[in-house]
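A.B. asks: The structure is given below, and queries will be raised subsequently.
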Amino acid sequence: MNTDYSIKLLSDKARSLHGTAIQSVLRHADINKLKERIHIFQNMDIQSLSDKELEANIDEVLSVKLDGGITISTIFSEYSLFGIGERFYRVRKLINTNMPNGELKNVSAYWNPPPKYVKHYGRLNKPRESLLYTAFNPYTAICETNLKPGDSFVLCIYEAIKPLRFSWIGGKTDYDFNGIKNKKAIEFLETMKQFLYNGSVVKT
């Protein structure tokens, strides 16, 4: 599988305009204020916040206030495109190792769980929100499942039947490719990306 994870869906002109717009705002932004907002957020008791309150506080961290009282979001989104035939992997640990295994007879066993079984927050899901988590290769899928030596498991392989677009969170950004060259803007975006990537938001 020769997937190009750096494919961008924007044209060169559109990408440059997007990067230039972000850069024009962030070159004058105060990186210390961003770090202060992150510090305040990381010391919050997020377990006591509602989903709306949590979203509002995250928006507060990621936004920049301009002259005139205007507030804008500074999230810089990058996308990758996966074509038809690309494969994704998921591992499911087997508790019952008898064969044939009744757990595996239904197609639903290979997809995300029913919402009623999703009781906690995940990386991207809320309680009772069911999502299918996959990996780009079998090894990562195995590691993500925290299997121990001797554990039995099923490796599920999914193949795209139509093009898929993904938005990256915390991935490596090619700033020059996106028309962003200002060092202050890059430092701001890197700090913000680490805030999103490092799992600072964890609700149980």
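Letters A, B, ... go to the chains of the structure tokens in the order shown; residues in each chain start at 1; ligands are counted from 1 in the same order.
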Just want the 10 Å neighbourhood of A:Ile95, counted on only C-alpha atoms, with same-chain residues fewer than 2 positions away dropped. Output as a compact mmCIF listing (two decimals) with C-alpha atoms, in the first residue's frame.
C.D. replies:
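Saved as around-v8.txt:
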```txt
# COMPACT_ATOMS: atom_id res chain seq x y z
CA ARG A 92 -10.57 -7.14 18.40
CA LYS A 93 -9.44 -9.21 21.38
CA THR A 97 -11.40 -18.75 21.73
CA ASN A 98 -13.55 -21.75 20.85
CA GLU A 103 -19.24 -13.94 18.51
CA ASP A 151 -3.91 -13.27 23.73
CA SER A 152 -6.11 -14.35 20.84
CA PHE A 153 -7.51 -11.73 18.51
```
A.B. asks: Would you list the contacts of stretch 36-38 of chain A as a PyMOL selection string, taking every protein, DNA or RNA residue within 10 Å and counting only C-alpha atoms, but skipping same-chain residues closer than 6 positions in sequence?
C.D. replies: chain A and resi 57-58+60-63+191-192+195+200
A.B. asks: Between atom CA of A:Arg165 and atom CA of A:Arg27, what is the spacing in Å?
C.D. replies: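 We find that atom CA of A:Arg27 and atom CA of A:Arg165 lie 29.6 Å from each other.
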A.B. asks: If you count only C-alpha atoms, which residues fall within 6 Å of A:Pro163, apart from same-chain ones fewer than 2 positions away, as a ChimeraX atom specification?
C.D. replies: /A:82-84
A.B. asks: Could you list, as an mmCIF file with N, CA and C atoms, in the first residue's frame, every residue within 10 Å of A:Pro115, counting only C-alpha atoms and ignoring same-chain residues fewer than 5 positions away?
C.D. replies:
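As a result, out-v3.cif now contains:
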```cif
data_model
loop_
_atom_site.group_PDB
_atom_site.id
_atom_site.type_symbol
_atom_site.label_atom_id
_atom_site.label_comp_id
_atom_site.auth_asym_id
_atom_site.auth_seq_id
_atom_site.Cartn_x
_atom_site.Cartn_y
_atom_site.Cartn_z
ATOM 1 N N LYS A 126 -18.167 10.708 22.333
ATOM 2 C CA LYS A 126 -18.824 10.954 23.608
ATOM 3 C C LYS A 126 -19.498 9.654 24.062
ATOM 4 N N PRO A 127 -19.931 9.586 25.318
ATOM 5 C CA PRO A 127 -20.702 8.412 25.748
ATOM 6 C C PRO A 127 -21.927 8.212 24.862
ATOM 7 N N ARG A 128 -22.191 6.962 24.514
ATOM 8 C CA ARG A 128 -23.309 6.562 23.656
ATOM 9 C C ARG A 128 -23.148 7.069 22.219
ATOM 10 N N GLU A 129 -21.938 7.449 21.859
ATOM 11 C CA GLU A 129 -21.617 7.808 20.469
ATOM 12 C C GLU A 129 -20.624 6.769 19.951
ATOM 13 N N SER A 130 -21.059 5.966 19.009
ATOM 14 C CA SER A 130 -20.244 4.849 18.540
ATOM 15 C C SER A 130 -19.460 5.230 17.288
ATOM 16 N N LEU A 131 -18.142 5.056 17.348
ATOM 17 C CA LEU A 131 -17.271 5.331 16.209
ATOM 18 C C LEU A 131 -16.410 4.106 15.922
#
```
A.B. asks: Can you work out the spacing between atom CA of A:Asn96 and atom CA of A:Ser108 in Å, to one decimal?
C.D. replies: 16.8 Å
A.B. asks: Could you tell me which of A:Ser80, A:Asn125, A:Asn112, A:Thr71 comes closest to A:Cys156 if we count only C-alpha atoms?
C.D. replies: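 Ranked by minimum distance to A:Cys156, first place goes to A:Asn112.
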A.B. asks: Can you check which residues of stretch 42-196 of chain A DSSP gives as strand (DSSP E) on the backbone and send them as a VMD selection string?
C.D. replies: chain A and resid 63 to 65 71 to 73 79 to 82 87 to 93 153 to 159 164 to 167
A.B. asks: When you draw a straight line from atom CA of A:Gln42 to atom CA of A:Phe188, how long is it in Å?
C.D. replies: 17.6 Å
A.B. asks: Write out as a ChimeraX atom specification which residues come within 6 Å of stretch 19-21 of chain A when counting only C-alpha atoms, dropping same-chain ones fewer than 3 positions away.
C.D. replies: /A:16,24,178-180
A.B. asks: If you keep C-alpha atoms, can you produce a file of those selected residues as a short mmCIF file (atom, residue, chain, number, x, y, z; two decimals), in the first residue's frame?
C.D. replies:
```cif
data_model
loop_
_atom_site.label_atom_id
_atom_site.label_comp_id
_atom_site.auth_asym_id
_atom_site.auth_seq_id
_atom_site.Cartn_x
_atom_site.Cartn_y
_atom_site.Cartn_z
CA SER A 16 -1.49 29.64 -0.33
CA SER A 24 -1.22 37.48 8.68
CA ASN A 178 1.09 25.81 2.73
CA GLY A 179 2.58 29.27 2.30
CA ILE A 180 3.39 29.89 5.97
#
```
A.B. asks: Can you tell me, as a short mmCIF file (atom, residue, chain, number, x, y, z; two decimals) with N, CA and C atoms, in the first residue's frame, which residues in stretch 81-165 of chain A count as helix (DSSP H, G or I) by DSSP?
C.D. replies:
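The resulting file, result34.cif, is reproduced below:
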```
data_model
loop_
_atom_site.label_atom_id
_atom_site.label_comp_id
_atom_site.auth_asym_id
_atom_site.auth_seq_id
_atom_site.Cartn_x
_atom_site.Cartn_y
_atom_site.Cartn_z
N GLY A 102 -19.12 -18.13 18.11
CA GLY A 102 -20.43 -17.52 17.92
C GLY A 102 -20.38 -16.01 17.85
N GLU A 103 -19.35 -15.40 18.51
CA GLU A 103 -19.24 -13.94 18.51
C GLU A 103 -18.99 -13.38 17.11
N LEU A 104 -18.44 -14.21 16.24
CA LEU A 104 -17.98 -13.72 14.94
C LEU A 104 -18.93 -14.05 13.79
N VAL A 107 -22.15 -9.91 11.02
CA VAL A 107 -21.34 -8.85 10.42
C VAL A 107 -21.10 -7.72 11.42
N SER A 108 -22.06 -7.48 12.30
CA SER A 108 -21.93 -6.39 13.27
C SER A 108 -20.73 -6.57 14.19
N ALA A 109 -20.23 -7.80 14.32
CA ALA A 109 -19.09 -8.06 15.19
C ALA A 109 -17.82 -7.40 14.68
N TYR A 110 -17.81 -7.03 13.42
CA TYR A 110 -16.60 -6.47 12.81
C TYR A 110 -16.64 -4.95 12.69
N PRO A 115 -24.27 1.82 20.21
CA PRO A 115 -24.12 2.98 21.11
C PRO A 115 -24.39 2.68 22.58
N LYS A 116 -25.30 1.75 22.86
CA LYS A 116 -25.65 1.47 24.26
C LYS A 116 -24.47 0.90 25.05
N TYR A 117 -23.47 0.35 24.35
CA TYR A 117 -22.30 -0.20 25.04
C TYR A 117 -21.17 0.81 25.19
N PRO A 138 -1.54 -3.22 10.39
CA PRO A 138 -1.90 -4.20 11.43
C PRO A 138 -1.12 -4.02 12.73
N TYR A 139 0.15 -3.68 12.64
CA TYR A 139 0.97 -3.55 13.84
C TYR A 139 0.41 -2.49 14.79
N THR A 140 0.05 -1.33 14.22
CA THR A 140 -0.52 -0.27 15.05
C THR A 140 -1.83 -0.71 15.68
N ALA A 141 -2.65 -1.41 14.90
CA ALA A 141 -3.93 -1.89 15.42
C ALA A 141 -3.72 -2.84 16.60
N ILE A 142 -2.72 -3.69 16.51
CA ILE A 142 -2.42 -4.63 17.60
C ILE A 142 -1.94 -3.87 18.84
N CYS A 143 -1.05 -2.90 18.64
CA CYS A 143 -0.54 -2.12 19.77
C CYS A 143 -1.64 -1.33 20.46
N GLU A 144 -2.56 -0.78 19.68
CA GLU A 144 -3.64 0.03 20.23
C GLU A 144 -4.58 -0.80 21.11
#
```
A.B. asks: Between A:Ser167, A:Leu54, A:Leu124, A:Ile161, single out the one closest to A:Leu81, counting only C-alpha atoms.
C.D. replies: A:Ser167
